[in-house]
Number of protein chains: 2
Amino acid sequence: MGVGSGSGGEFATADRIRDAAIRRFARDGFRAGLRTVAADAGVTAGLVIHHFGSKAGLRRACDERVLEIMRQEKTKALTDGTAAMLLAQMAGVEQYAPMVQYLLRSMQAGGELALKLVEHMITDAEAYLSAGEAAGVVRPSRNRPARTRYLAYQATGSMLLWFTLHGADVPAEEFAALFRRYVEELALPALELFTEGLLVDRSMLDEYLMYVPDPPPAGDPDRTAG
Amino acid sequence: MGVGSGSGGEFATADRIRDAAIRRFARDGFRAGLRTVAADAGVTAGLVIHHFGSKAGLRRACDERVLEIMRQEKTKALTDGTAAMLLAQMAGVEQYAPMVQYLLRSMQAGGELALKLVEHMITDAEAYLSAGEAAGVVRPSRNRPARTRYLAYQATGSMLLWFTLHGADVPAEEFAALFRRYVEELALPALELFTEGLLVDRSMLDEYLMYVPDPPPAGDPDRTAG
DNA sequence: CACCAGATTAAACACTCGTTCAACCGCTCG
DNA sequence: CGAGCGGTTGAACGAGTGTTTAATCTGGTG
């Protein structure tokens, strides 16, 4: 269907536009114009609209594509289970680096994809931490869902902030190196904190546990006030 | 100089514009137009330019104002020393809530103010953690600057992500409540992690320490490769 | 009073943006 | 061959942006 030139590696034009958009949005953020995206793909702005209906439609297509690749790579990847490591690994692959950067842009802008991705990461972390608990390598928590959310937000959020401050608009090759530097920089403190904690005594935690009557399940956003 | 109406609580017009801009940028982000800001302040767009030269100039004035208030409040505040708690406390004060929200917007956009603020927080955390170490309540680290940066990025970044996802454009009264909910949600997991750690055994940390030959000071970005 | 300087405004300018429209091209099918 | 149709283009539109400019208002000063 569509393109007649039957030889091997040719993409359909819509796919080419979408991929160019992912790269451009990753580099410049979502305020990049349609004409810029179109020029990257070697077409005109009108054609982008023709294929995707609107800029929002184009973004939706990009979101779905990134999510699809993300899911597909997750099943293939042999990481230690943390989402940050998966992203670090993907950022090293030249083909996927723009998608990781796009994802960060998405979190920066706060779209639906970002929310979905973070919830996805939380679900994965839940499974991973539960398995760790069962295997006896992860300490149990007084409120496992809350801890899972906390850890996911810490890991993802610090990554987001780091990239927002240290050049979010790097040209995609520096991006991978930047990612590597980020992981290297936090590896030691993270391992220290995870195995040894930060505080020497338990007084702060005990005070909190005494002060707060009943820590709620805190998994869903129903705020049944009391 | 300037406004002649000498009666009590009147602000100079430029200050009124700047404060309106802080509120508007806090609520809508920096893509809010000059005409909107001007309307909020009861003036016209041209006057904003007349007073601040350009939109960038207005943003600079807002940045300086927020930084000034931040510094001033920090010396007054009696918090536990962490920046997150300072922000939580300030967000509760109606007058300062927009500034906290503005600060988050700034981090979202990645300006110079954001970088300055984060570095500021890191410096403060350094002092706070050093004091904790000296007092024997905080465990020493194999690389204290790296740990300080790590903790600051985690705390600030997760806060930023949380607000980006859960309505960064709330109308400033919900904002304070949102902030309170955020602190409540992470208090228990944070205390757990800080006092008890996450991992049961030390194998991961020991493996890392064996693998990495020499953890560099990692305070400044000079990468003397080897 | 005349005069000037600053505050302030309304209008216009130049530009970008997303989107629309009419036309054109190349192909397939009747 | 000719009709039709989707892919594609270039130009235009309308709304937005930051900024400029000329004019008006206002208040203090010689």
# chains A, B, ... in the order shown; residues from 1 in each chain; ligands from 1
$ residues_around --residues "stretch 4-15 of chain D" --least-positions-apart "4" --cutoff "12 Å" --atoms "only C-alpha atoms (C1' of nucleotides)" --output "mmCIF file with N, CA, C and O atoms (P, O5', C5', C4', C3', O3' and C1' of nucleotides), in the first residue's frame"
data_model
loop_
_atom_site.group_PDB
_atom_site.id
_atom_site.type_symbol
_atom_site.label_atom_id
_atom_site.label_comp_id
_atom_site.auth_asym_id
_atom_site.auth_seq_id
_atom_site.Cartn_x
_atom_site.Cartn_y
_atom_site.Cartn_z
ATOM 1 N N MET A 1 0.818 -1.211 0.000
ATOM 2 C CA MET A 1 0.000 0.000 0.000
ATOM 3 C C MET A 1 0.845 1.251 0.000
ATOM 4 O O MET A 1 1.877 1.335 0.631
ATOM 5 N N GLY A 2 0.425 2.234 -0.724
ATOM 6 C CA GLY A 2 1.129 3.506 -0.664
ATOM 7 C C GLY A 2 2.329 3.570 -1.591
ATOM 8 O O GLY A 2 2.193 3.457 -2.807
ATOM 9 N N VAL A 3 3.487 3.718 -0.978
ATOM 10 C CA VAL A 3 4.708 3.973 -1.727
ATOM 11 C C VAL A 3 4.997 2.852 -2.730
ATOM 12 O O VAL A 3 5.034 1.686 -2.370
ATOM 13 N N GLY A 4 5.240 3.252 -3.950
ATOM 14 C CA GLY A 4 5.434 2.255 -4.980
ATOM 15 C C GLY A 4 6.862 1.766 -5.094
ATOM 16 O O GLY A 4 7.086 0.624 -5.482
ATOM 17 N N ALA A 12 7.612 4.491 4.792
ATOM 18 C CA ALA A 12 6.481 5.285 4.363
ATOM 19 C C ALA A 12 6.717 6.715 4.823
ATOM 20 O O ALA A 12 7.384 6.943 5.830
ATOM 21 N N THR A 13 6.151 7.664 4.055
ATOM 22 C CA THR A 13 6.439 9.062 4.358
ATOM 23 C C THR A 13 5.959 9.450 5.751
ATOM 24 O O THR A 13 6.643 10.183 6.470
ATOM 25 N N ALA A 14 4.799 8.962 6.126
ATOM 26 C CA ALA A 14 4.270 9.316 7.441
ATOM 27 C C ALA A 14 5.221 8.869 8.540
ATOM 28 O O ALA A 14 5.466 9.612 9.501
ATOM 29 N N GLY A 42 12.071 16.432 4.914
ATOM 30 C CA GLY A 42 12.112 16.697 3.489
ATOM 31 C C GLY A 42 10.745 16.893 2.859
ATOM 32 O O GLY A 42 10.550 16.620 1.674
ATOM 33 N N VAL A 43 9.792 17.375 3.629
ATOM 34 C CA VAL A 43 8.446 17.619 3.122
ATOM 35 C C VAL A 43 7.993 19.019 3.552
ATOM 36 O O VAL A 43 8.793 19.811 4.032
ATOM 37 N N THR A 44 6.736 19.308 3.367
ATOM 38 C CA THR A 44 6.203 20.610 3.761
ATOM 39 C C THR A 44 5.263 20.477 4.954
ATOM 40 O O THR A 44 4.781 19.389 5.268
ATOM 41 N N ALA A 45 5.015 21.626 5.578
ATOM 42 C CA ALA A 45 4.202 21.613 6.795
ATOM 43 C C ALA A 45 2.796 21.080 6.525
ATOM 44 O O ALA A 45 2.225 20.356 7.334
ATOM 45 N N GLY A 46 2.263 21.463 5.354
ATOM 46 C CA GLY A 46 0.916 21.029 5.026
ATOM 47 C C GLY A 46 0.776 19.517 5.028
ATOM 48 O O GLY A 46 -0.240 18.972 5.466
ATOM 49 N N LEU A 47 1.818 18.849 4.559
ATOM 50 C CA LEU A 47 1.749 17.390 4.483
ATOM 51 C C LEU A 47 1.708 16.763 5.874
ATOM 52 O O LEU A 47 1.047 15.734 6.088
ATOM 53 N N VAL A 48 2.403 17.389 6.793
ATOM 54 C CA VAL A 48 2.380 16.890 8.172
ATOM 55 C C VAL A 48 0.945 16.907 8.687
ATOM 56 O O VAL A 48 0.458 15.932 9.269
ATOM 57 N N ILE A 49 0.277 18.031 8.450
ATOM 58 C CA ILE A 49 -1.126 18.135 8.869
ATOM 59 C C ILE A 49 -1.976 17.101 8.130
ATOM 60 O O ILE A 49 -2.842 16.458 8.710
ATOM 61 N N HIS A 50 -1.695 16.963 6.832
ATOM 62 C CA HIS A 50 -2.464 16.009 6.041
ATOM 63 C C HIS A 50 -2.397 14.602 6.647
ATOM 64 O O HIS A 50 -3.376 13.866 6.636
ATOM 65 N N HIS A 51 -1.244 14.234 7.146
ATOM 66 C CA HIS A 51 -1.065 12.865 7.657
ATOM 67 C C HIS A 51 -1.501 12.716 9.113
ATOM 68 O O HIS A 51 -1.967 11.652 9.506
ATOM 69 P P DT C 16 10.505 34.594 11.576
ATOM 70 O "O5'" DT C 16 9.566 33.606 12.405
ATOM 71 C "C5'" DT C 16 9.626 33.597 13.836
ATOM 72 C "C4'" DT C 16 8.406 32.899 14.397
ATOM 73 C "C3'" DT C 16 8.114 31.544 13.754
ATOM 74 O "O3'" DT C 16 8.201 30.515 14.722
ATOM 75 C "C1'" DT C 16 6.131 32.869 13.984
ATOM 76 P P DC C 17 8.076 28.994 14.225
ATOM 77 O "O5'" DC C 17 6.556 28.671 14.557
ATOM 78 C "C5'" DC C 17 6.073 28.851 15.897
ATOM 79 C "C4'" DC C 17 4.561 28.788 15.899
ATOM 80 C "C3'" DC C 17 4.009 27.613 15.102
ATOM 81 O "O3'" DC C 17 3.859 26.500 15.955
ATOM 82 C "C1'" DC C 17 2.797 29.657 14.663
ATOM 83 P P DG C 18 3.635 25.084 15.272
ATOM 84 O "O5'" DG C 18 2.069 25.045 14.988
ATOM 85 C "C5'" DG C 18 1.156 25.220 16.061
ATOM 86 C "C4'" DG C 18 -0.256 25.315 15.534
ATOM 87 C "C3'" DG C 18 -0.734 24.097 14.732
ATOM 88 O "O3'" DG C 18 -2.067 23.799 15.091
ATOM 89 C "C1'" DG C 18 -0.821 26.036 13.372
ATOM 90 P P DT C 19 -2.787 22.522 14.464
ATOM 91 O "O5'" DT C 19 -3.548 23.158 13.208
ATOM 92 C "C5'" DT C 19 -4.391 24.287 13.416
ATOM 93 C "C4'" DT C 19 -4.842 24.850 12.083
ATOM 94 C "C3'" DT C 19 -5.398 23.808 11.090
ATOM 95 O "O3'" DT C 19 -6.786 24.065 10.878
ATOM 96 C "C1'" DT C 19 -3.996 25.429 10.047
ATOM 97 P P DT C 20 -7.623 23.117 9.913
ATOM 98 O "O5'" DT C 20 -7.704 24.009 8.594
ATOM 99 C "C5'" DT C 20 -8.092 25.373 8.689
ATOM 100 C "C4'" DT C 20 -8.136 26.003 7.309
ATOM 101 C "C3'" DT C 20 -8.803 25.148 6.222
ATOM 102 O "O3'" DT C 20 -9.752 25.942 5.534
ATOM 103 C "C1'" DT C 20 -6.634 25.820 5.514
ATOM 104 P P DC C 21 -10.787 25.257 4.498
ATOM 105 O "O5'" DC C 21 -10.178 25.667 3.080
ATOM 106 C "C5'" DC C 21 -9.547 26.933 2.960
ATOM 107 C "C4'" DC C 21 -8.911 27.085 1.584
ATOM 108 C "C3'" DC C 21 -9.491 26.171 0.500
ATOM 109 O "O3'" DC C 21 -9.768 26.929 -0.653
ATOM 110 C "C1'" DC C 21 -7.138 25.904 0.630
ATOM 111 P P DA C 22 -10.840 26.343 -1.713
ATOM 112 O "O5'" DA C 22 -9.998 26.409 -3.050
ATOM 113 C "C5'" DA C 22 -9.225 27.590 -3.335
ATOM 114 C "C4'" DA C 22 -8.034 27.233 -4.212
ATOM 115 C "C3'" DA C 22 -8.381 26.375 -5.438
ATOM 116 O "O3'" DA C 22 -7.724 26.905 -6.580
ATOM 117 C "C1'" DA C 22 -6.679 25.328 -4.175
ATOM 118 P P DA C 23 -8.141 26.401 -8.034
ATOM 119 O "O5'" DA C 23 -6.811 25.677 -8.502
ATOM 120 C "C5'" DA C 23 -5.577 26.414 -8.489
ATOM 121 C "C4'" DA C 23 -4.434 25.438 -8.363
ATOM 122 C "C3'" DA C 23 -4.297 24.402 -9.493
ATOM 123 O "O3'" DA C 23 -3.165 24.704 -10.272
ATOM 124 C "C1'" DA C 23 -3.920 23.443 -7.335
ATOM 125 P P DC C 24 -2.895 23.929 -11.623
ATOM 126 O "O5'" DC C 24 -1.834 22.820 -11.200
ATOM 127 C "C5'" DC C 24 -0.691 23.196 -10.423
ATOM 128 C "C4'" DC C 24 0.097 21.952 -10.060
ATOM 129 C "C3'" DC C 24 0.173 20.920 -11.195
ATOM 130 O "O3'" DC C 24 1.509 20.483 -11.350
ATOM 131 C "C1'" DC C 24 -0.620 19.914 -9.204
ATOM 132 P P DC C 25 1.958 19.773 -12.724
ATOM 133 O "O5'" DC C 25 2.596 18.423 -12.215
ATOM 134 C "C5'" DC C 25 3.339 18.385 -10.976
ATOM 135 C "C4'" DC C 25 3.196 17.018 -10.336
ATOM 136 C "C3'" DC C 25 3.279 15.854 -11.317
ATOM 137 O "O3'" DC C 25 4.482 15.136 -11.107
ATOM 138 C "C1'" DC C 25 1.503 15.566 -9.719
ATOM 139 P P DG C 26 4.959 14.120 -12.256
ATOM 140 O "O5'" DG C 26 4.439 12.720 -11.682
ATOM 141 C "C5'" DG C 26 4.784 12.338 -10.358
ATOM 142 C "C4'" DG C 26 4.022 11.079 -9.961
ATOM 143 C "C3'" DG C 26 4.023 9.963 -11.026
ATOM 144 O "O3'" DG C 26 4.184 8.713 -10.402
ATOM 145 C "C1'" DG C 26 1.797 10.565 -10.510
ATOM 146 P P DC C 27 4.648 7.469 -11.314
ATOM 147 O "O5'" DC C 27 3.509 6.408 -10.989
ATOM 148 C "C5'" DC C 27 3.154 6.174 -9.614
ATOM 149 C "C4'" DC C 27 1.675 5.900 -9.494
ATOM 150 C "C3'" DC C 27 1.153 4.756 -10.382
ATOM 151 O "O3'" DC C 27 1.090 3.568 -9.607
ATOM 152 C "C1'" DC C 27 -0.376 6.622 -10.255
ATOM 153 P P DT C 28 0.846 2.171 -10.386
ATOM 154 O "O5'" DT C 28 -0.735 1.998 -10.230
ATOM 155 C "C5'" DT C 28 -1.338 2.172 -8.950
ATOM 156 C "C4'" DT C 28 -2.855 2.214 -9.096
ATOM 157 C "C3'" DT C 28 -3.444 1.035 -9.891
ATOM 158 O "O3'" DT C 28 -4.581 0.533 -9.207
ATOM 159 C "C1'" DT C 28 -4.166 3.089 -10.827
ATOM 160 P P DC C 29 -5.200 -0.872 -9.634
ATOM 161 O "O5'" DC C 29 -6.568 -0.406 -10.298
ATOM 162 C "C5'" DC C 29 -7.361 0.595 -9.642
ATOM 163 C "C4'" DC C 29 -8.495 1.016 -10.560
ATOM 164 C "C3'" DC C 29 -9.090 -0.123 -11.404
ATOM 165 O "O3'" DC C 29 -10.493 -0.002 -11.449
ATOM 166 C "C1'" DC C 29 -8.356 1.602 -12.808
ATOM 167 P P DG C 30 -11.373 -1.207 -11.862
ATOM 168 O "O5'" DG C 30 -12.384 -0.567 -12.908
ATOM 169 C "C5'" DG C 30 -13.122 0.618 -12.567
ATOM 170 C "C4'" DG C 30 -13.472 1.393 -13.822
ATOM 171 C "C3'" DG C 30 -14.197 0.578 -14.902
ATOM 172 O "O3'" DG C 30 -15.282 1.312 -15.410
ATOM 173 C "C1'" DG C 30 -12.283 1.601 -15.809
#
$ interface_residues --of "chain B" --to "chain A" --cutoff "8 Å" --atoms "only C-alpha atoms" --output "ChimeraX atom specification"
/B:107-111,114-115,136-139,141,143,146-147,150,153-162,164-165,185-186,188-202,204-205,208,218
$ closest_atom_pairs --of "chain A" --to "chain C" --cutoff "8 Å" --atoms "only C-alpha atoms (C1' of nucleotides)" --output "CSV"
residue,atom,partner,partner_atom,distance
A:Gly33,CA,C:DC17,C1',7.1
A:Leu34,CA,C:DG18,C1',7.8
A:Ile49,CA,C:DT19,C1',7.9
A:Ser54,CA,C:DG18,C1',7.8
A:Lys55,CA,C:DG18,C1',7.4
$ write_last_selection --atoms "N, CA and C atoms" --output "compact mmCIF listing (two decimals), in the first residue's frame"
# COMPACT_ATOMS: atom_id res chain seq x y z
N GLY A 33 8.69 24.12 15.61
CA GLY A 33 7.57 24.34 14.70
C GLY A 33 7.36 23.19 13.71
N LEU A 34 6.17 23.17 13.16
CA LEU A 34 5.86 22.13 12.18
C LEU A 34 6.73 22.27 10.94
N ILE A 49 0.28 18.03 8.45
CA ILE A 49 -1.13 18.14 8.87
C ILE A 49 -1.98 17.10 8.13
N SER A 54 -3.18 17.31 12.98
CA SER A 54 -2.79 18.52 13.72
C SER A 54 -1.44 18.25 14.38
N LYS A 55 -0.91 19.28 15.00
CA LYS A 55 0.35 19.09 15.71
C LYS A 55 0.13 18.15 16.90
$ select_by_dssp --residues "stretch 5-222 of chain B" --states "helix (DSSP H, G or I)" --output "MDAnalysis selection string"
chainID B and resid 13:28 34:41 45:52 55:76 83:92 97:109 112:135 144:165 173:196 203:211
$ interface_residues --of "chain D" --to "chain B" --cutoff "10 Å" --atoms "only C-alpha atoms (C1' of nucleotides)" --output "VMD selection string"
chain D and resid 16 to 20 27 to 28
$ atom_distance --atom1 "atom CA of A:Ile22" --atom2 "atom CA of A:Tyr128"
29.8 Å
$ atom_distance --atom1 "atom CA of A:Ile17" --atom2 "atom CA of A:Arg105"
18.4 Å
$ atom_distance --atom1 "atom C1' of D:DC25" --atom2 "atom CA of B:Phe11"
20.3 Å
$ residues_around --residues "stretch 96-103 of chain B" --least-positions-apart "6" --cutoff "9 Å" --atoms "only C-alpha atoms (C1' of nucleotides)" --output "ChimeraX atom specification"
/B:22-27,29,62-63,65-67,69-70,87-88,90,113-114,117,168,172-173,175-176
